[in-house]
Structure formats: C-alpha cells, structure tokens
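What follows is a set of notes on a single structure, which appears directly below.
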Amino acid sequence: MQSNIKHSVAKVRPTYFELQAYWGATKHMGGMRTTRELIELCHIRTGAYVLDVGCGVGATPVYLAKKLDCRVVGIDIADAMIARAQQKVEREHVEDHVELRAANAQNLPFDDALFDAVLAESVITFIPDKARAISECARVTKPSGFVGLNEEIWVKPPTPELVEYAKHAWDIHAEILTCEGWRQLLECAGLQDVSARTYQFNASFGEYISEISRYSFREYAMMFSRAIALYAKNPAFRQYMKGRYSSLPKSFFKYLGYGIFAGKK
C-alpha cells in the first residue's frame, strides 16, 4: 500500500483541478454562504430534482440531499473528481439521493426539461464556449425551473498582467466576464427575470468559516495529510506553489470578484 501511495503522489500533476481532485477539496468564492444563497435564488425546495454541473468532490450534492431531501445528479468532466465525490456520498450515506457521472457541461447527457434546478459553482468560468454550456443548462431545466450560477467576474477592467496571472494561477484560460456579460448569456439562453448579486473577494474570518464549513473535520484531516505528502514527495508541486503565490499581484482581488446569478426558464 505504501508504495502505491508514493507512486500516486509522484504522478500528480500540479494543475489547479488535478490538485483539488487529489486532496479532495473543491472551492468557490463565498463557500457555503453562497451555496445557500444560490439555493434560495433558485427556489429549491424539499424533494426537488437538481443537477449540479461541475460537482467536484460532491459537497453541494451531499448538502442538498441531507438538508433538503433533494434528489441530485452531480456531473464533472474529471473522473478523479467523480471518484472523490462518490467517497463523500458513501461516507454521508446519501447513495439513495445522489447519482454521480462523468459528463461534459457543453453536451449534457439528459433529456429536455428534466430538472427543477441546475446549479454551477465556479465551473462555467473555465469553459471557453460559455453560451453553449448555459444553453445546455437551460435545455435540461423544467419550465418555471431555475438555472443558478456562482462565477468569477471582473469588477472593473483588468490589466493584461492580471489576466495573465488568472491564467497562470487558476488555470482560467477562458475569458472572465463582467456581471453584465453573465447576465446577457443567461438571457440569450432564454432565461427570464435574471437576478445578479456581485461581490468583491473578501478575505475575512467569516468568509474563511463559510469555506471550511463545506467539509468535516475528518475530511480536512485527510486533505492536510495528502497535501503534506504531496509537498514532501513531489518537487513539481513545490515549484508550482512557489510560483503561484510569490507572484500574486497586490491589486488582484480589487479587480477579481464573483457573482451569484439566477434565471427562470
């Protein structure tokens, strides 16, 4: 077993999403606070049928299943994310409420008008063809259902240096939109009564608590153990972390924020 662990640690590539899948944590700005806000804006009620696009390691599907007795389908393009999400689903004993599968947001493998709500949290930002992904979300949503997004935005026009840093640090090679850009995409997908709430990044203690509340103490212990092993045994990871954080522009989070968006079909 130990040799297999060493081998897997050595093979991990230091990219934003592969690292999150390895240590079992996916995140979005605002943490659990914004997940609850998105659920409210999309009018998700007890027993609703929900699609989570880009479910990562399964935090939102599990929350919906346990708190609102929802039936949830979680999809992610990465098999490693689905494997981590399945582990969480089984630990939380919600297998009868949550279905997971690998799928692409730009070509959802579902019938039209199937879900009461479709959510995506810090997912469509990373997709070059955002219009197609949002149209797919709208297609599989029932009439009078909702599509809800939590996505990165530029709160004011960025410099070329900041755009390049976002590509380097977060692997965001697609365009980051403004609030109005996201609103237009939702409306062009046929969604109505689009609401938008925008926020600047806030490194407060409250935001930190909201982020960590997505996971249990046991899960954080496992994440910490994996991160230490990775740092000790993967030189590429050490170089990645050094390059990512040592070059953070001081003004970065004065320009980059996030928006909570919801539109009715």
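Labels used: A, B, ... for chains in the order of the structure tokens, numbers from 1 for residues in each chain, and numbers from 1 for ligands as shown.
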Which residues are close to region 79-92 of chain A, i.e. within 6 Å by only C-alpha atoms, leaving aside same-chain residues fewer than 6 positions away? Reply as a list in words. Ala21, Gly56, Val57 and Gly58 of chain A
Put those residues in a file: C-alpha atoms, as a tab-separated table (two decimals), in the first residue's frame.
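Saved result, again_32.tsv, follows:
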```tsv
chain	number	residue	atom	x	y	z
A	21	ALA	CA	-9.09	16.20	-7.00
A	56	GLY	CA	-16.22	18.49	-7.91
A	57	VAL	CA	-15.79	16.34	-4.81
A	58	GLY	CA	-19.52	16.35	-4.03
```
Secondary structure check, helix (DSSP H, G or I) residues of region 27-225 of chain A, as a PyMOL selection string: chain A and resi 31-41+59-68+79-91+124-126+130-139+160-170+179-188+205-212+217-225
Excluding Ile44 (chain A) and any residue of its chain fewer than 3 positions from it, enumerate the residues within 10 Å of it, using only C-alpha atoms, and give them as a list in words. Arg36, Leu38, Ile39, Glu40, Leu41, Gly47, Ala48, Tyr49, Val50, Leu64, Leu68, Cys70, Asp116, Ala117, Val118, Gly145 and Phe146 of chain A
Pick from A:Gly181, A:Pro235, A:Pro109, A:Gly31, whichever lies nearest to Val155 (chain A) using only C-alpha atoms: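 Of A:Gly181, A:Pro235, A:Pro109, A:Gly31, the one nearest Val155 (chain A), counting only C-alpha atoms, is A:Gly181.
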When you count only C-alpha atoms, which of these residues is closest to Tyr240 (chain A): A:Trp182, A:Phe110, A:Trp170, A:Phe252?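 The shortest atom-to-atom distance to Tyr240 (chain A) comes from A:Trp170.
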Tell me which of A:Ala166, A:Cys188, A:Glu95, A:Leu114 sits closest to Lys142 (chain A), counting only C-alpha atoms. A:Leu114
Selection: 6 Å around region 191-200 of chain A, only C-alpha atoms, excl. self and same-chain fewer than 6 positions, as a JSON list (two decimals) with N, CA and C atoms, in the first residue's frame:
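So around.json came out as:
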```
[["chain", "number", "residue", "atom", "x", "y", "z"],
["A", 257, "GLY", "N", -13.73, 39.49, -8.65],
["A", 257, "GLY", "CA", -14.77, 39.19, -7.68],
["A", 257, "GLY", "C", -15.61, 38.03, -8.16],
["A", 258, "TYR", "N", -16.84, 37.97, -7.70],
["A", 258, "TYR", "CA", -17.71, 36.88, -8.14],
["A", 258, "TYR", "C", -19.16, 37.35, -8.13],
["A", 259, "GLY", "N", -19.98, 36.63, -8.89],
["A", 259, "GLY", "CA", -21.38, 36.99, -8.98],
["A", 259, "GLY", "C", -22.25, 35.77, -8.77],
["A", 260, "ILE", "N", -23.39, 35.99, -8.14],
["A", 260, "ILE", "CA", -24.43, 34.96, -7.98],
["A", 260, "ILE", "C", -25.56, 35.31, -8.94],
["A", 261, "PHE", "N", -25.85, 34.42, -9.86],
["A", 261, "PHE", "CA", -26.82, 34.69, -10.91],
["A", 261, "PHE", "C", -27.89, 33.59, -10.92],
["A", 262, "ALA", "N", -29.13, 33.99, -11.20],
["A", 262, "ALA", "CA", -30.21, 33.01, -11.32],
["A", 262, "ALA", "C", -31.20, 33.51, -12.35],
["A", 263, "GLY", "N", -31.65, 32.59, -13.21],
["A", 263, "GLY", "CA", -32.65, 32.92, -14.21],
["A", 263, "GLY", "C", -33.71, 31.85, -14.28],
["A", 264, "LYS", "N", -34.94, 32.27, -14.56],
["A", 264, "LYS", "CA", -36.09, 31.36, -14.61],
["A", 264, "LYS", "C", -36.38, 30.98, -16.05],
["A", 265, "LYS", "N", -36.66, 29.69, -16.26],
["A", 265, "LYS", "CA", -36.96, 29.22, -17.61],
["A", 265, "LYS", "C", -38.42, 29.52, -17.97]]
```
Could you tell me how far CA of Arg45 (chain A) sits from CA of Leu186 (chain A), in Å to one decimal place?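 The value is 22.1 Å.
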DSSP on the backbone, strand (DSSP E) only: what residues of region 44-250 of chain A does that give? Format it as number ranges by chain. A: 49-53, 71-76, 98-102, 115-121, 141-154, 192-200
Selection above as a file: C-alpha atoms, as a short mmCIF file (atom, residue, chain, number, x, y, z; two decimals), in the first residue's frame:
```cif
data_model
loop_
_atom_site.label_atom_id
_atom_site.label_comp_id
_atom_site.auth_asym_id
_atom_site.auth_seq_id
_atom_site.Cartn_x
_atom_site.Cartn_y
_atom_site.Cartn_z
CA TYR A 49 -34.64 17.22 -8.55
CA VAL A 50 -31.36 19.12 -9.05
CA LEU A 51 -28.42 18.91 -11.44
CA ASP A 52 -25.05 20.10 -10.11
CA VAL A 53 -22.80 20.87 -13.08
CA ARG A 71 -32.57 14.06 -5.48
CA VAL A 72 -29.34 15.25 -7.07
CA VAL A 73 -27.34 14.33 -10.13
CA GLY A 74 -23.75 15.55 -9.98
CA ILE A 75 -21.60 15.65 -13.08
CA ASP A 76 -17.95 16.50 -13.58
CA VAL A 98 -27.22 11.31 -5.19
CA GLU A 99 -26.19 9.98 -8.59
CA LEU A 100 -22.77 10.86 -10.00
CA ARG A 101 -21.43 10.57 -13.51
CA ALA A 102 -18.65 11.90 -15.72
CA PHE A 115 -34.59 19.11 -13.58
CA ASP A 116 -36.26 21.57 -11.22
CA ALA A 117 -32.98 23.48 -10.97
CA VAL A 118 -29.48 23.39 -12.45
CA LEU A 119 -26.53 24.79 -10.50
CA ALA A 120 -22.91 25.54 -11.40
CA GLU A 121 -20.42 26.95 -8.90
CA THR A 141 -34.36 22.64 -16.83
CA LYS A 142 -38.14 22.31 -16.48
CA PRO A 143 -40.40 25.21 -17.43
CA SER A 144 -40.56 27.59 -14.44
CA GLY A 145 -37.37 25.97 -13.10
CA PHE A 146 -34.14 27.87 -12.47
CA VAL A 147 -30.53 27.95 -13.61
CA GLY A 148 -28.17 29.30 -10.95
CA LEU A 149 -24.50 30.22 -11.23
CA ASN A 150 -21.73 31.36 -8.90
CA GLU A 151 -18.94 32.54 -11.20
CA GLU A 152 -15.87 34.75 -11.21
CA ILE A 153 -16.22 38.28 -12.60
CA TRP A 154 -14.02 41.26 -13.26
CA GLN A 192 -36.13 35.31 -17.65
CA ASP A 193 -36.15 37.52 -14.57
CA VAL A 194 -32.38 37.17 -14.27
CA SER A 195 -31.08 38.27 -10.88
CA ALA A 196 -27.47 39.18 -10.18
CA ARG A 197 -25.63 39.83 -6.94
CA THR A 198 -21.97 40.80 -7.18
CA TYR A 199 -19.22 40.67 -4.57
CA GLN A 200 -15.58 41.54 -4.27
#
```
A:Pro160, A:Ala169, A:Glu175, A:Glu219 ranked by distance to Ser247 (chain A), top pick (using only C-alpha atoms):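 Among the listed residues, A:Ala169 lies closest to Ser247 (chain A).
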Which residue gives the smallest distance to Leu19 (chain A) among A:Ala78, A:Ala131, A:Ala103, A:Val140, with only C-alpha atoms counted?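 Among the listed residues, A:Ala78 lies closest to Leu19 (chain A).
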Which residues, written as JSON, numbers by chain, have at least one atom at most 10 Å from Tyr220 (chain A), with only C-alpha atoms counted and residues fewer than 6 positions away on the same chain left out? {"A": [23, 24, 25, 212, 214, 226]}
Separation of CA of Ala232 (chain A) from CA of Phe17 (chain A), in Å and rounded to one decimal: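 Separating CA of Ala232 (chain A) from CA of Phe17 (chain A) is a distance of 19.7 Å.
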